[in-house]
file work18.pdb (PDB, C-alpha atoms)
MODEL        1
ATOM      1  CA  MET A  19      15.268 -21.623 -31.262  1.00  0.00           C
ATOM      2  CA  GLN A  20      11.521 -21.067 -31.505  1.00  0.00           C
ATOM      3  CA  ARG A  21      10.109 -20.724 -34.992  1.00  0.00           C
ATOM      4  CA  VAL A  22       8.824 -17.199 -35.418  1.00  0.00           C
ATOM      5  CA  ILE A  23       6.327 -16.285 -38.126  1.00  0.00           C
ATOM      6  CA  SER A  24       7.546 -12.995 -39.566  1.00  0.00           C
ATOM      7  CA  ALA A  25       5.759 -13.158 -42.942  1.00  0.00           C
ATOM      8  CA  LEU A  26       2.426 -14.554 -44.113  1.00  0.00           C
ATOM      9  CA  GLU A  27       4.047 -16.946 -46.598  1.00  0.00           C
ATOM     10  CA  GLN A  28       5.358 -18.841 -43.568  1.00  0.00           C
ATOM     11  CA  VAL A  29       1.785 -19.573 -42.454  1.00  0.00           C
ATOM     12  CA  THR A  30       1.528 -23.031 -44.017  1.00  0.00           C
ATOM     13  CA  PRO A  31      -0.704 -26.045 -43.293  1.00  0.00           C
ATOM     14  CA  GLU A  32       2.402 -27.937 -42.179  1.00  0.00           C
ATOM     15  CA  TRP A  33       3.327 -25.263 -39.642  1.00  0.00           C
ATOM     16  CA  LEU A  34      -0.161 -25.025 -38.147  1.00  0.00           C
ATOM     17  CA  THR A  35      -0.531 -28.812 -38.074  1.00  0.00           C
ATOM     18  CA  SER A  36       2.686 -29.032 -36.051  1.00  0.00           C
ATOM     19  CA  VAL A  37       1.582 -26.293 -33.641  1.00  0.00           C
ATOM     20  CA  LEU A  38      -1.786 -27.914 -32.948  1.00  0.00           C
ATOM     21  CA  GLN A  39      -0.236 -31.355 -32.559  1.00  0.00           C
ATOM     22  CA  GLN A  40       2.124 -30.053 -29.896  1.00  0.00           C
ATOM     23  CA  LYS A  41      -0.639 -28.497 -27.789  1.00  0.00           C
ATOM     24  CA  PRO A  42      -2.053 -31.265 -28.253  1.00  0.00           C
ATOM     25  CA  LEU A  43      -5.292 -30.342 -29.988  1.00  0.00           C
ATOM     26  CA  LEU A  44      -4.820 -32.338 -33.166  1.00  0.00           C
ATOM     27  CA  ALA A  45      -4.402 -35.956 -32.082  1.00  0.00           C
ATOM     28  CA  ARG A  46      -5.296 -37.076 -35.599  1.00  0.00           C
ATOM     29  CA  GLY A  47      -5.756 -35.460 -38.988  1.00  0.00           C
ATOM     30  CA  GLN A  48      -4.040 -32.411 -40.421  1.00  0.00           C
ATOM     31  CA  VAL A  49      -4.550 -28.897 -41.696  1.00  0.00           C
ATOM     32  CA  LEU A  50      -5.345 -28.892 -45.413  1.00  0.00           C
ATOM     33  CA  GLU A  51      -5.872 -25.203 -46.170  1.00  0.00           C
ATOM     34  CA  ILE A  52      -5.606 -21.803 -44.472  1.00  0.00           C
ATOM     35  CA  ALA A  53      -7.601 -18.794 -45.670  1.00  0.00           C
ATOM     36  CA  VAL A  54      -6.104 -15.482 -44.542  1.00  0.00           C
ATOM     37  CA  ARG A  55      -8.080 -12.272 -44.005  1.00  0.00           C
ATOM     38  CA  PRO A  56      -6.381  -9.088 -42.722  1.00  0.00           C
ATOM     39  CA  SER A  57      -7.811  -7.270 -39.715  1.00  0.00           C
ATOM     40  CA  SER A  58      -8.197  -3.537 -39.124  1.00  0.00           C
ATOM     41  CA  ALA A  59      -5.582  -3.504 -36.327  1.00  0.00           C
ATOM     42  CA  PHE A  60      -3.238  -0.516 -36.589  1.00  0.00           C
ATOM     43  CA  ASN A  61      -0.693  -1.337 -33.866  1.00  0.00           C
ATOM     44  CA  SER A  62       0.233  -4.825 -35.091  1.00  0.00           C
ATOM     45  CA  ALA A  63       0.185  -7.041 -38.180  1.00  0.00           C
ATOM     46  CA  THR A  64      -2.884  -9.119 -37.342  1.00  0.00           C
ATOM     47  CA  ASP A  65      -4.696 -11.566 -39.609  1.00  0.00           C
ATOM     48  CA  HIS A  66      -7.725 -13.827 -39.259  1.00  0.00           C
ATOM     49  CA  LEU A  67      -7.062 -17.457 -40.222  1.00  0.00           C
ATOM     50  CA  THR A  68      -9.878 -19.789 -41.261  1.00  0.00           C
ATOM     51  CA  VAL A  69      -8.700 -23.388 -41.362  1.00  0.00           C
ATOM     52  CA  THR A  70      -9.879 -26.434 -43.295  1.00  0.00           C
ATOM     53  CA  PHE A  71      -8.957 -29.784 -41.695  1.00  0.00           C
ATOM     54  CA  SER A  72      -8.910 -33.309 -43.037  1.00  0.00           C
ATOM     55  CA  GLU A  73     -12.061 -35.342 -42.359  1.00  0.00           C
ATOM     56  CA  ASP A  74     -10.410 -37.351 -39.580  1.00  0.00           C
ATOM     57  CA  ALA A  75      -9.534 -34.252 -37.503  1.00  0.00           C
ATOM     58  CA  PRO A  76     -11.355 -33.889 -34.141  1.00  0.00           C
ATOM     59  CA  ALA A  77     -14.541 -31.848 -34.280  1.00  0.00           C
ATOM     60  CA  THR A  78     -13.413 -29.943 -31.177  1.00  0.00           C
ATOM     61  CA  VAL A  79     -10.318 -28.351 -32.703  1.00  0.00           C
ATOM     62  CA  PRO A  80     -10.816 -24.595 -33.380  1.00  0.00           C
ATOM     63  CA  ARG A  81     -11.370 -23.555 -36.970  1.00  0.00           C
ATOM     64  CA  HIS A  82     -10.706 -19.843 -36.560  1.00  0.00           C
ATOM     65  CA  PHE A  83      -7.476 -18.251 -35.338  1.00  0.00           C
ATOM     66  CA  LEU A  84      -5.919 -14.822 -34.993  1.00  0.00           C
ATOM     67  CA  LEU A  85      -2.233 -14.455 -35.871  1.00  0.00           C
ATOM     68  CA  LYS A  86      -0.636 -11.344 -34.402  1.00  0.00           C
ATOM     69  CA  ARG A  87       2.860 -10.222 -35.462  1.00  0.00           C
ATOM     70  CA  ASN A  88       4.869  -7.144 -34.527  1.00  0.00           C
ATOM     71  CA  LEU A  89       5.130  -4.201 -36.858  1.00  0.00           C
ATOM     72  CA  GLN A  90       8.575  -3.513 -38.300  1.00  0.00           C
ATOM     73  CA  VAL A  91       9.166  -0.427 -36.167  1.00  0.00           C
ATOM     74  CA  ALA A  92      11.385   0.038 -33.124  1.00  0.00           C
ATOM     75  CA  TRP A  93       8.708   0.300 -30.406  1.00  0.00           C
ATOM     76  CA  ALA A  94       6.741  -2.710 -31.682  1.00  0.00           C
ATOM     77  CA  ARG A  95       9.536  -5.263 -31.348  1.00  0.00           C
ATOM     78  CA  PRO A  96      10.013  -5.182 -27.545  1.00  0.00           C
ATOM     79  CA  ALA A  97       6.246  -4.819 -27.074  1.00  0.00           C
ATOM     80  CA  GLY A  98       5.596  -7.920 -29.186  1.00  0.00           C
ATOM     81  CA  ILE A  99       8.229  -9.951 -27.342  1.00  0.00           C
ATOM     82  CA  ARG A 100       6.783  -8.995 -23.969  1.00  0.00           C
ATOM     83  CA  GLU A 101       3.296  -9.979 -25.113  1.00  0.00           C
ATOM     84  CA  ALA A 102       4.536 -13.364 -26.339  1.00  0.00           C
ATOM     85  CA  GLN A 103       6.367 -13.890 -23.058  1.00  0.00           C
ATOM     86  CA  PHE A 104       3.200 -13.043 -21.125  1.00  0.00           C
ATOM     87  CA  TYR A 105       1.156 -15.668 -22.967  1.00  0.00           C
ATOM     88  CA  GLN A 106       3.873 -18.261 -22.429  1.00  0.00           C
ATOM     89  CA  MET A 107       3.926 -17.484 -18.712  1.00  0.00           C
ATOM     90  CA  VAL A 108       0.136 -17.655 -18.325  1.00  0.00           C
ATOM     91  CA  ALA A 109       0.113 -21.035 -20.087  1.00  0.00           C
ATOM     92  CA  GLN A 110       2.323 -22.364 -17.280  1.00  0.00           C
ATOM     93  CA  LEU A 111      -0.056 -21.187 -14.514  1.00  0.00           C
ATOM     94  CA  PRO A 112      -2.760 -23.875 -14.233  1.00  0.00           C
ATOM     95  CA  LYS A 113      -4.908 -21.886 -11.779  1.00  0.00           C
ATOM     96  CA  HIS A 114      -4.942 -18.673 -13.807  1.00  0.00           C
ATOM     97  CA  PRO A 115      -8.559 -17.546 -14.346  1.00  0.00           C
ATOM     98  CA  ALA A 116      -9.945 -18.096 -17.823  1.00  0.00           C
ATOM     99  CA  VAL A 117     -10.055 -14.408 -18.682  1.00  0.00           C
ATOM    100  CA  ILE A 118      -7.269 -14.486 -21.293  1.00  0.00           C
ATOM    101  CA  VAL A 119      -7.937 -15.319 -24.947  1.00  0.00           C
ATOM    102  CA  PRO A 120      -6.736 -18.908 -25.563  1.00  0.00           C
ATOM    103  CA  CYS A 121      -3.235 -18.844 -27.047  1.00  0.00           C
ATOM    104  CA  PHE A 122      -1.923 -21.785 -29.069  1.00  0.00           C
ATOM    105  CA  ASP A 123       1.556 -20.526 -29.903  1.00  0.00           C
ATOM    106  CA  ALA A 124       3.798 -17.677 -28.735  1.00  0.00           C
ATOM    107  CA  ALA A 125       7.347 -17.247 -29.986  1.00  0.00           C
ATOM    108  CA  TRP A 126      10.026 -14.596 -30.407  1.00  0.00           C
ATOM    109  CA  ASN A 127      13.489 -14.236 -31.858  1.00  0.00           C
ATOM    110  CA  PRO A 128      15.861 -12.274 -29.574  1.00  0.00           C
ATOM    111  CA  ASP A 129      18.221 -11.606 -32.488  1.00  0.00           C
ATOM    112  CA  THR A 130      15.720 -10.002 -34.871  1.00  0.00           C
ATOM    113  CA  GLY A 131      13.166  -8.826 -32.290  1.00  0.00           C
ATOM    114  CA  ASP A 132      10.338 -10.447 -34.271  1.00  0.00           C
ATOM    115  CA  SER A 133       7.534 -12.274 -32.483  1.00  0.00           C
ATOM    116  CA  HIS A 134       4.093 -13.750 -33.002  1.00  0.00           C
ATOM    117  CA  ILE A 135       1.168 -15.074 -31.011  1.00  0.00           C
ATOM    118  CA  LEU A 136      -1.505 -17.418 -32.336  1.00  0.00           C
ATOM    119  CA  LEU A 137      -4.815 -16.822 -30.583  1.00  0.00           C
ATOM    120  CA  GLN A 138      -8.272 -18.295 -30.896  1.00  0.00           C
ATOM    121  CA  ASP A 139     -10.394 -15.944 -32.994  1.00  0.00           C
ATOM    122  CA  LEU A 140     -13.378 -15.055 -30.789  1.00  0.00           C
ATOM    123  CA  SER A 141     -14.916 -12.542 -33.178  1.00  0.00           C
ATOM    124  CA  GLY A 142     -17.693 -15.007 -34.006  1.00  0.00           C
ATOM    125  CA  SER A 143     -18.839 -15.316 -30.399  1.00  0.00           C
ATOM    126  CA  HIS A 144     -17.626 -12.099 -28.731  1.00  0.00           C
ATOM    127  CA  MET A 145     -17.812  -8.390 -29.473  1.00  0.00           C
ATOM    128  CA  LEU A 146     -15.880  -5.299 -28.467  1.00  0.00           C
ATOM    129  CA  PRO A 147     -17.595  -3.189 -25.786  1.00  0.00           C
ATOM    130  CA  ILE A 148     -17.005  -0.310 -28.194  1.00  0.00           C
ATOM    131  CA  THR A 149     -15.321  -0.319 -31.581  1.00  0.00           C
ATOM    132  CA  ARG A 150     -12.230   1.701 -32.502  1.00  0.00           C
ATOM    133  CA  ASP A 151     -14.363   4.194 -34.442  1.00  0.00           C
ATOM    134  CA  GLN A 152     -16.689   4.646 -31.462  1.00  0.00           C
ATOM    135  CA  HIS A 153     -13.702   5.649 -29.331  1.00  0.00           C
ATOM    136  CA  PHE A 154     -13.486   8.912 -31.265  1.00  0.00           C
ATOM    137  CA  ASP A 155     -17.183   9.824 -31.032  1.00  0.00           C
ATOM    138  CA  SER A 156     -18.220  11.427 -27.735  1.00  0.00           C
ATOM    139  CA  SER A 157     -21.795  10.200 -28.238  1.00  0.00           C
ATOM    140  CA  THR A 158     -20.783   6.522 -28.465  1.00  0.00           C
ATOM    141  CA  ASN A 159     -17.488   6.171 -26.573  1.00  0.00           C
ATOM    142  CA  ILE A 160     -19.013   4.908 -23.319  1.00  0.00           C
ATOM    143  CA  PRO A 161     -19.860   1.176 -23.261  1.00  0.00           C
ATOM    144  CA  SER A 162     -23.223  -0.054 -22.072  1.00  0.00           C
ATOM    145  CA  ARG A 163     -23.736  -0.622 -18.345  1.00  0.00           C
ATOM    146  CA  GLU A 164     -23.890  -4.380 -18.995  1.00  0.00           C
ATOM    147  CA  HIS A 165     -20.549  -4.399 -20.814  1.00  0.00           C
ATOM    148  CA  MET A 166     -18.900  -2.216 -18.184  1.00  0.00           C
ATOM    149  CA  GLN A 167     -20.027  -4.607 -15.457  1.00  0.00           C
ATOM    150  CA  GLN A 168     -18.635  -7.575 -17.396  1.00  0.00           C
ATOM    151  CA  VAL A 169     -15.305  -5.800 -17.844  1.00  0.00           C
ATOM    152  CA  ILE A 170     -15.183  -4.957 -14.127  1.00  0.00           C
ATOM    153  CA  ASP A 171     -15.881  -8.584 -13.190  1.00  0.00           C
ATOM    154  CA  ILE A 172     -13.144  -9.866 -15.507  1.00  0.00           C
ATOM    155  CA  LEU A 173     -10.597  -7.334 -14.256  1.00  0.00           C
ATOM    156  CA  ALA A 174     -11.505  -8.202 -10.657  1.00  0.00           C
ATOM    157  CA  ARG A 175     -10.783 -11.888 -11.273  1.00  0.00           C
ATOM    158  CA  PHE A 176      -7.500 -11.005 -12.983  1.00  0.00           C
ATOM    159  CA  HIS A 177      -6.415  -8.684 -10.155  1.00  0.00           C
ATOM    160  CA  ALA A 178      -7.451 -11.167  -7.471  1.00  0.00           C
ATOM    161  CA  PHE A 179      -5.182 -13.827  -8.977  1.00  0.00           C
ATOM    162  CA  TRP A 180      -2.208 -11.480  -9.241  1.00  0.00           C
ATOM    163  CA  TRP A 181      -2.641  -9.741  -5.881  1.00  0.00           C
ATOM    164  CA  GLN A 182       0.659 -10.330  -4.029  1.00  0.00           C
ATOM    165  CA  ASN A 183       1.366 -13.197  -6.422  1.00  0.00           C
ATOM    166  CA  PRO A 184       4.961 -14.498  -6.046  1.00  0.00           C
ATOM    167  CA  HIS A 185       5.486 -14.116  -9.812  1.00  0.00           C
ATOM    168  CA  LEU A 186       5.082 -10.336  -9.569  1.00  0.00           C
ATOM    169  CA  GLY A 187       8.364  -8.523 -10.046  1.00  0.00           C
ATOM    170  CA  THR A 188       9.924 -11.440 -11.919  1.00  0.00           C
ATOM    171  CA  GLY A 189      10.326 -12.146 -15.623  1.00  0.00           C
ATOM    172  CA  VAL A 190       7.668 -10.494 -17.729  1.00  0.00           C
ATOM    173  CA  ALA A 191       5.454  -9.754 -14.682  1.00  0.00           C
ATOM    174  CA  GLN A 192       7.345  -6.622 -13.730  1.00  0.00           C
ATOM    175  CA  ILE A 193       5.623  -4.072 -11.527  1.00  0.00           C
ATOM    176  CA  GLY A 194       5.060  -0.658 -13.086  1.00  0.00           C
ATOM    177  CA  GLU A 195       7.672   1.927 -12.133  1.00  0.00           C
ATOM    178  CA  TRP A 196       5.052   4.260 -10.681  1.00  0.00           C
ATOM    179  CA  CYS A 197       3.906   1.695  -8.075  1.00  0.00           C
ATOM    180  CA  ASN A 198       7.137  -0.089  -7.235  1.00  0.00           C
ATOM    181  CA  SER A 199       7.395   1.433  -3.759  1.00  0.00           C
ATOM    182  CA  VAL A 200       5.483   3.598  -1.289  1.00  0.00           C
ATOM    183  CA  GLU A 201       7.615   6.578  -2.285  1.00  0.00           C
ATOM    184  CA  GLN A 202       6.898   6.118  -6.007  1.00  0.00           C
ATOM    185  CA  ILE A 203       3.175   5.791  -5.373  1.00  0.00           C
ATOM    186  CA  ALA A 204       3.242   8.992  -3.304  1.00  0.00           C
ATOM    187  CA  THR A 205       5.067  10.784  -6.122  1.00  0.00           C
ATOM    188  CA  GLU A 206       2.493   9.625  -8.664  1.00  0.00           C
ATOM    189  CA  VAL A 207      -0.444  10.603  -6.445  1.00  0.00           C
ATOM    190  CA  ALA A 208       1.098  14.053  -5.969  1.00  0.00           C
ATOM    191  CA  ARG A 209       1.485  14.440  -9.733  1.00  0.00           C
ATOM    192  CA  ARG A 210      -2.159  13.545 -10.289  1.00  0.00           C
ATOM    193  CA  ARG A 211      -3.194  15.966  -7.511  1.00  0.00           C
ATOM    194  CA  ARG A 212      -1.300  18.825  -9.176  1.00  0.00           C
ATOM    195  CA  ALA A 213      -3.006  18.029 -12.484  1.00  0.00           C
ATOM    196  CA  TRP A 214      -6.427  18.047 -10.816  1.00  0.00           C
ATOM    197  CA  ASP A 215      -5.732  21.319  -8.988  1.00  0.00           C
ATOM    198  CA  ASP A 216      -4.653  22.910 -12.261  1.00  0.00           C
ATOM    199  CA  LEU A 217      -7.813  21.715 -14.007  1.00  0.00           C
ATOM    200  CA  TRP A 218     -10.030  22.990 -11.206  1.00  0.00           C
ATOM    201  CA  GLU A 219      -8.328  26.383 -11.152  1.00  0.00           C
ATOM    202  CA  HIS A 220      -9.045  26.937 -14.850  1.00  0.00           C
ATOM    203  CA  GLU A 221     -12.414  25.200 -15.307  1.00  0.00           C
ATOM    204  CA  GLN A 222     -14.308  25.512 -11.996  1.00  0.00           C
ATOM    205  CA  THR A 223     -16.763  28.103 -13.299  1.00  0.00           C
ATOM    206  CA  TRP A 224     -18.577  25.518 -15.420  1.00  0.00           C
ATOM    207  CA  PHE A 225     -17.445  22.155 -14.024  1.00  0.00           C
ATOM    208  CA  PRO A 226     -20.463  20.163 -12.715  1.00  0.00           C
ATOM    209  CA  PRO A 227     -20.434  19.728  -8.900  1.00  0.00           C
ATOM    210  CA  SER A 228     -21.413  16.054  -9.250  1.00  0.00           C
ATOM    211  CA  LEU A 229     -18.343  15.345 -11.370  1.00  0.00           C
ATOM    212  CA  ARG A 230     -16.115  17.214  -8.948  1.00  0.00           C
ATOM    213  CA  THR A 231     -17.416  14.984  -6.146  1.00  0.00           C
ATOM    214  CA  LEU A 232     -16.888  11.868  -8.262  1.00  0.00           C
ATOM    215  CA  TYR A 233     -13.338  12.750  -9.301  1.00  0.00           C
TER
ENDMDL
END
call {"tool": "encode", "arguments": {"input": "work18.pdb", "output": "structure tokens"}}
result
Amino acid sequence: MQRVISALEQVTPEWLTSVLQQKPLLARGQVLEIAVRPSSAFNSATDHLTVTFSEDAPATVPRHFLLKRNLQVAWARPAGIREAQFYQMVAQLPKHPAVIVPCFDAAWNPDTGDSHILLQDLSGSHMLPITRDQHFDSSTNIPSREHMQQVIDILARFHAFWWQNPHLGTGVAQIGEWCNSVEQIATEVARRRRAWDDLWEHEQTWFPPSLRTLY
């Protein structure tokens, strides 16, 4: 059975050394120390790991990681397992575009429902298009045009790879219920149309014509 990290005291130099050796990223040397710093994530137990290696470790091995574990609530367990399964699947697809954060370990326990993923911490080289706090401020909750274009490009590469991909509909790559068939798509479109008609009926006196055309 895969070893699942369910508590921070299990994050030891020996464990991380073994994980990196199996990748293999750590052909020589070992992890000496791990400094743990909690993140502000609210939908998972996520911690930043800063690692000190022995002097003989390769200079190319990452020094910063992100360990994500499921919360101990009912909805978080299946969500965490599915995320771990996704990363395991992507790791087995050599032609998958490099639009996914590098993952070094993904494991789950079907008996307890616990899971974890060990990602490269990109916070030193990347930034969020908008922060969580900016989401709730109408004056700052739209990313810059540059960031939106980058997001569109990344999503386009992701969708192009998965378009009619034979893995769709199997394993963790299940198709959403609302688009599983022509009939389900039609039902969803009709639902959205009813919602739009209801909005227009109640708000048309002030709703900008340009937005009506866009929507």
call {"tool": "atom_distance", "arguments": {"input": "work18.pdb", "atom1": "atom CA of Gln138 of chain A", "atom2": "atom CA of Ile52 of chain A"}}
result
14.3 Å
call {"tool": "residues_around", "arguments": {"input": "work18.pdb", "residues": "Trp33 of chain A", "least_positions_apart": "4", "cutoff": "12 Å", "atoms": "all atoms listed in the file", "output": "PyMOL selection string"}}
result
chain A and resi 21-23+26-29+37-40+48-52+123+136
call {"tool": "closest_residue", "arguments": {"input": "work18.pdb", "among": "A:Leu137, A:Ala63, A:Ala116, A:Leu34", "to": "Val91 of chain A", "atoms": "only C-alpha atoms"}}
result
A:Ala63
call {"tool": "resolve_selection", "arguments": {"input": "work18.pdb", "expression": "the PyMOL selection byres ((chain A and resi 64-75) around 9)", "output": "PyMOL selection string"}}
result
chain A and resi 26+31+44-63+76-88+139
call {"tool": "resolve_selection", "arguments": {"input": "work18.pdb", "expression": "the PyMOL selection byres ((chain A and resi 102) around 10)", "output": "list in words"}}
result
Lys86, Arg87, Pro96, Ala97, Gly98, Ile99, Arg100, Glu101, Gln103, Phe104, Tyr105, Gln106, Met107, Cys121, Asp123, Ala124, Ala125, Trp126, Ser133, His134, Ile135, Leu136 and Val190 of chain A
call {"tool": "write_last_selection", "arguments": {"input": "work18.pdb", "atoms": "C-alpha atoms", "output": "PDB file, keeping the file's coordinate frame"}}
result
ATOM      1  CA  LYS A  86      -0.636 -11.344 -34.402  1.00  0.00           C
ATOM      2  CA  ARG A  87       2.860 -10.222 -35.462  1.00  0.00           C
ATOM      3  CA  PRO A  96      10.013  -5.182 -27.545  1.00  0.00           C
ATOM      4  CA  ALA A  97       6.246  -4.819 -27.074  1.00  0.00           C
ATOM      5  CA  GLY A  98       5.596  -7.920 -29.186  1.00  0.00           C
ATOM      6  CA  ILE A  99       8.229  -9.951 -27.342  1.00  0.00           C
ATOM      7  CA  ARG A 100       6.783  -8.995 -23.969  1.00  0.00           C
ATOM      8  CA  GLU A 101       3.296  -9.979 -25.113  1.00  0.00           C
ATOM      9  CA  GLN A 103       6.367 -13.890 -23.058  1.00  0.00           C
ATOM     10  CA  PHE A 104       3.200 -13.043 -21.125  1.00  0.00           C
ATOM     11  CA  TYR A 105       1.156 -15.668 -22.967  1.00  0.00           C
ATOM     12  CA  GLN A 106       3.873 -18.261 -22.429  1.00  0.00           C
ATOM     13  CA  MET A 107       3.926 -17.484 -18.712  1.00  0.00           C
ATOM     14  CA  CYS A 121      -3.235 -18.844 -27.047  1.00  0.00           C
ATOM     15  CA  ASP A 123       1.556 -20.526 -29.903  1.00  0.00           C
ATOM     16  CA  ALA A 124       3.798 -17.677 -28.735  1.00  0.00           C
ATOM     17  CA  ALA A 125       7.347 -17.247 -29.986  1.00  0.00           C
ATOM     18  CA  TRP A 126      10.026 -14.596 -30.407  1.00  0.00           C
ATOM     19  CA  SER A 133       7.534 -12.274 -32.483  1.00  0.00           C
ATOM     20  CA  HIS A 134       4.093 -13.750 -33.002  1.00  0.00           C
ATOM     21  CA  ILE A 135       1.168 -15.074 -31.011  1.00  0.00           C
ATOM     22  CA  LEU A 136      -1.505 -17.418 -32.336  1.00  0.00           C
ATOM     23  CA  VAL A 190       7.668 -10.494 -17.729  1.00  0.00           C
TER      24      VAL A 190
END
call {"tool": "atom_distance", "arguments": {"input": "work18.pdb", "atom1": "atom CA of His114 of chain A", "atom2": "atom CA of His177 of chain A"}}
result
10.7 Å
call {"tool": "atom_distance", "arguments": {"input": "work18.pdb", "atom1": "atom CA of Pro115 of chain A", "atom2": "atom CA of Gln20 of chain A"}}
result
26.6 Å
call {"tool": "axis_aligned_box", "arguments": {"input": "work18.pdb", "around": "segment 81-90 of chain A", "padding_each_side": "3 Å", "output": "lines of an AutoDock Vina configuration file"}}
result
center_x = -1.4
center_y = -13.5
center_z = -36.4
size_x = 25.9
size_y = 26.0
size_z = 9.9
call {"tool": "closest_residue", "arguments": {"input": "work18.pdb", "among": "A:Gln222, A:Thr188, A:Gln168, A:Thr205", "to": "Val117 of chain A", "atoms": "only C-alpha atoms"}}
result
A:Gln168
call {"tool": "resolve_selection", "arguments": {"input": "work18.pdb", "expression": "the PyMOL selection byres ((chain A and resi 180) around 12)", "output": "PDB file with C-alpha atoms, in the frame of the given file"}}
result
ATOM      1  CA  VAL A 108       0.136 -17.655 -18.325  1.00  0.00           C
ATOM      2  CA  LEU A 111      -0.056 -21.187 -14.514  1.00  0.00           C
ATOM      3  CA  LYS A 113      -4.908 -21.886 -11.779  1.00  0.00           C
ATOM      4  CA  HIS A 114      -4.942 -18.673 -13.807  1.00  0.00           C
ATOM      5  CA  PRO A 115      -8.559 -17.546 -14.346  1.00  0.00           C
ATOM      6  CA  LEU A 173     -10.597  -7.334 -14.256  1.00  0.00           C
ATOM      7  CA  ALA A 174     -11.505  -8.202 -10.657  1.00  0.00           C
ATOM      8  CA  ARG A 175     -10.783 -11.888 -11.273  1.00  0.00           C
ATOM      9  CA  PHE A 176      -7.500 -11.005 -12.983  1.00  0.00           C
ATOM     10  CA  HIS A 177      -6.415  -8.684 -10.155  1.00  0.00           C
ATOM     11  CA  ALA A 178      -7.451 -11.167  -7.471  1.00  0.00           C
ATOM     12  CA  PHE A 179      -5.182 -13.827  -8.977  1.00  0.00           C
ATOM     13  CA  TRP A 181      -2.641  -9.741  -5.881  1.00  0.00           C
ATOM     14  CA  GLN A 182       0.659 -10.330  -4.029  1.00  0.00           C
ATOM     15  CA  ASN A 183       1.366 -13.197  -6.422  1.00  0.00           C
ATOM     16  CA  PRO A 184       4.961 -14.498  -6.046  1.00  0.00           C
ATOM     17  CA  HIS A 185       5.486 -14.116  -9.812  1.00  0.00           C
ATOM     18  CA  LEU A 186       5.082 -10.336  -9.569  1.00  0.00           C
ATOM     19  CA  GLY A 187       8.364  -8.523 -10.046  1.00  0.00           C
ATOM     20  CA  ALA A 191       5.454  -9.754 -14.682  1.00  0.00           C
ATOM     21  CA  GLN A 192       7.345  -6.622 -13.730  1.00  0.00           C
ATOM     22  CA  ILE A 193       5.623  -4.072 -11.527  1.00  0.00           C
TER      23      ILE A 193
END
